[in-house]
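> Let me begin by handing over the structure; questions about it come next.
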Amino acid sequence: MDLQILESDKPDDAYMPIWAPLLAFNQETVGDAQGKPYALTITAPGSDEVLGGLWALSLWGSFYIGLVVTPKGRRGSGLGSELLRRAEAEAIARVCRQMWLDTYAFQARPFYEGLGFELFGQLDGPAPMFPRYFMKKELS
């Protein structure tokens, strides 16, 4: 069978058809390959508009934090710490061994270190975006 590689004009639509066979392989090989998402949103009282929040995914004993966003004018007010505190409680409830995330040089490495995260990997590249830091926090 001849195959070809094409660039998709709809990358978002291509994600699930590409992901499906990998998910099936993972499921057959190790089982329970479907991660369980978790999200917290920040809104103003009486409003449904999402101003920030946290999105994470637990899978195979790890809790990956994919997004942490606090409203620009409220950074440093404790909202981010509260998001991570709640995420950690959820990770523990899901019997995860660790939480992990990534952040860029211009983002929030010191914030995460203050919450007990440690560096476990780094990708270097041009400033100001890089380095990109990979951080984890072991859970007891």
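Residues in the structure tokens are numbered from 1 in each chain, the chains being A, B, ... in the order shown, and ligands are numbered from 1 in the order shown.
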What's around region 78-80 of chain A at 8 Å? Count only C-alpha atoms, leave out sequence neighbours fewer than 4 positions away in its own chain, and write the answer as a list in words.

Val68, Val69, Thr70, Arg74 and Leu84 of chain A

> Residues near Ala89 (chain A), anyone? I mean within 12 Å using only C-alpha atoms, not counting same-chain ones fewer than 5 positions away, as a list in words.

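In the requested form, the answer reads Tyr38, Phe63, Glu82, Leu83, Leu84, Arg94, Val95, Cys96, Gln98, Met99, Leu139 and Ser140 of chain A.
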
> Can I get the selected residues back with N, CA, C and O atoms, as a PDB file, in the first residue's frame?


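Result went into selection.pdb, see below:
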ATOM      1  N   TYR A  38      -9.370  17.955  34.756  1.00  0.00           N
ATOM      2  CA  TYR A  38      -9.768  18.712  35.947  1.00  0.00           C
ATOM      3  C   TYR A  38      -9.623  20.195  35.598  1.00  0.00           C
ATOM      4  O   TYR A  38      -8.642  20.579  34.960  1.00  0.00           O
ATOM      5  N   PHE A  63      -0.238  13.998  37.675  1.00  0.00           N
ATOM      6  CA  PHE A  63      -1.218  15.074  37.539  1.00  0.00           C
ATOM      7  C   PHE A  63      -0.525  16.195  36.775  1.00  0.00           C
ATOM      8  O   PHE A  63       0.309  16.913  37.325  1.00  0.00           O
ATOM      9  N   GLU A  82      -3.972  29.590  45.398  1.00  0.00           N
ATOM     10  CA  GLU A  82      -5.204  28.864  45.717  1.00  0.00           C
ATOM     11  C   GLU A  82      -5.540  27.856  44.617  1.00  0.00           C
ATOM     12  O   GLU A  82      -5.966  26.733  44.914  1.00  0.00           O
ATOM     13  N   LEU A  83      -5.340  28.232  43.359  1.00  0.00           N
ATOM     14  CA  LEU A  83      -5.565  27.284  42.265  1.00  0.00           C
ATOM     15  C   LEU A  83      -4.687  26.047  42.447  1.00  0.00           C
ATOM     16  O   LEU A  83      -5.160  24.912  42.343  1.00  0.00           O
ATOM     17  N   LEU A  84      -3.403  26.262  42.734  1.00  0.00           N
ATOM     18  CA  LEU A  84      -2.469  25.142  42.888  1.00  0.00           C
ATOM     19  C   LEU A  84      -2.750  24.338  44.147  1.00  0.00           C
ATOM     20  O   LEU A  84      -2.598  23.115  44.154  1.00  0.00           O
ATOM     21  N   ARG A  94      -6.922  11.787  43.804  1.00  0.00           N
ATOM     22  CA  ARG A  94      -6.853  10.868  42.664  1.00  0.00           C
ATOM     23  C   ARG A  94      -5.681   9.889  42.783  1.00  0.00           C
ATOM     24  O   ARG A  94      -5.398   9.142  41.856  1.00  0.00           O
ATOM     25  N   VAL A  95      -5.019   9.893  43.929  1.00  0.00           N
ATOM     26  CA  VAL A  95      -3.910   8.994  44.234  1.00  0.00           C
ATOM     27  C   VAL A  95      -2.755   9.166  43.232  1.00  0.00           C
ATOM     28  O   VAL A  95      -2.147   8.195  42.788  1.00  0.00           O
ATOM     29  N   CYS A  96      -2.463  10.407  42.903  1.00  0.00           N
ATOM     30  CA  CYS A  96      -1.326  10.698  42.029  1.00  0.00           C
ATOM     31  C   CYS A  96      -0.050  10.780  42.865  1.00  0.00           C
ATOM     32  O   CYS A  96      -0.084  11.221  44.013  1.00  0.00           O
ATOM     33  N   GLN A  98       2.752  12.463  41.732  1.00  0.00           N
ATOM     34  CA  GLN A  98       3.359  13.777  41.549  1.00  0.00           C
ATOM     35  C   GLN A  98       2.484  14.645  40.651  1.00  0.00           C
ATOM     36  O   GLN A  98       1.625  14.155  39.933  1.00  0.00           O
ATOM     37  N   MET A  99       2.763  15.943  40.756  1.00  0.00           N
ATOM     38  CA  MET A  99       2.196  16.930  39.847  1.00  0.00           C
ATOM     39  C   MET A  99       3.362  17.420  38.993  1.00  0.00           C
ATOM     40  O   MET A  99       4.490  17.472  39.467  1.00  0.00           O
ATOM     41  N   LEU A 139       4.175  14.123  45.647  1.00  0.00           N
ATOM     42  CA  LEU A 139       3.042  14.139  46.587  1.00  0.00           C
ATOM     43  C   LEU A 139       3.190  12.978  47.558  1.00  0.00           C
ATOM     44  O   LEU A 139       3.622  11.892  47.179  1.00  0.00           O
ATOM     45  N   SER A 140       2.817  13.215  48.792  1.00  0.00           N
ATOM     46  CA  SER A 140       2.941  12.147  49.798  1.00  0.00           C
ATOM     47  C   SER A 140       1.613  11.462  50.013  1.00  0.00           C
ATOM     48  O   SER A 140       0.590  11.881  49.607  1.00  0.00           O
TER      49      SER A 140
END

> Name the closest residue to Leu54 (chain A) among the candidates A:Ala14, A:Leu101, A:Leu123, A:Ile92; distances are taken between atoms, counting only C-alpha atoms.

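Closest to Leu54 (chain A), using only C-alpha atoms: A:Leu101.
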
> Per DSSP on the backbone, filter chain A down to the residues in alpha helix (DSSP H) and report them as a ChimeraX atom specification.

/A:11-30,79-93,109-114

> Using only C-alpha atoms, pick whichever of A:Leu40, A:Ile65, A:Leu119, A:Ala127 has the shortest atom-to-atom distance to Trp100 (chain A).

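Selected residue with least distance to Trp100 (chain A): A:Ile65.
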
> Give the answer as one residue: which of A:Glu90, A:Asp12, A:Glu7, A:Asp102 has the shortest atom-to-atom distance to Pro37 (chain A), using only C-alpha atoms?

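Of the candidates, the smallest distance to Pro37 (chain A) is held by A:Glu90.
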
> Smallest atom-to-atom distance to Trp55 (chain A): which of A:Ala87, A:Pro131, A:Gln27, A:Ala33, using only C-alpha atoms?

A:Ala87

> Could you check how far CA of Gln107 (chain A) sits from CA of Thr41 (chain A), in Å to one decimal?

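Computing the Euclidean distance for CA of Gln107 (chain A) and CA of Thr41 (chain A) yields 19.6 Å.
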
> Could you check how far CA of Leu115 (chain A) sits from CA of Ser81 (chain A), in Å to one decimal?

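Between these atoms lies a distance of 7.5 Å.
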
> To one decimal place, how far is CA of Leu59 (chain A) from CA of Pro71 (chain A) in Å?

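That distance, rounded to one decimal, is 28.2 Å.
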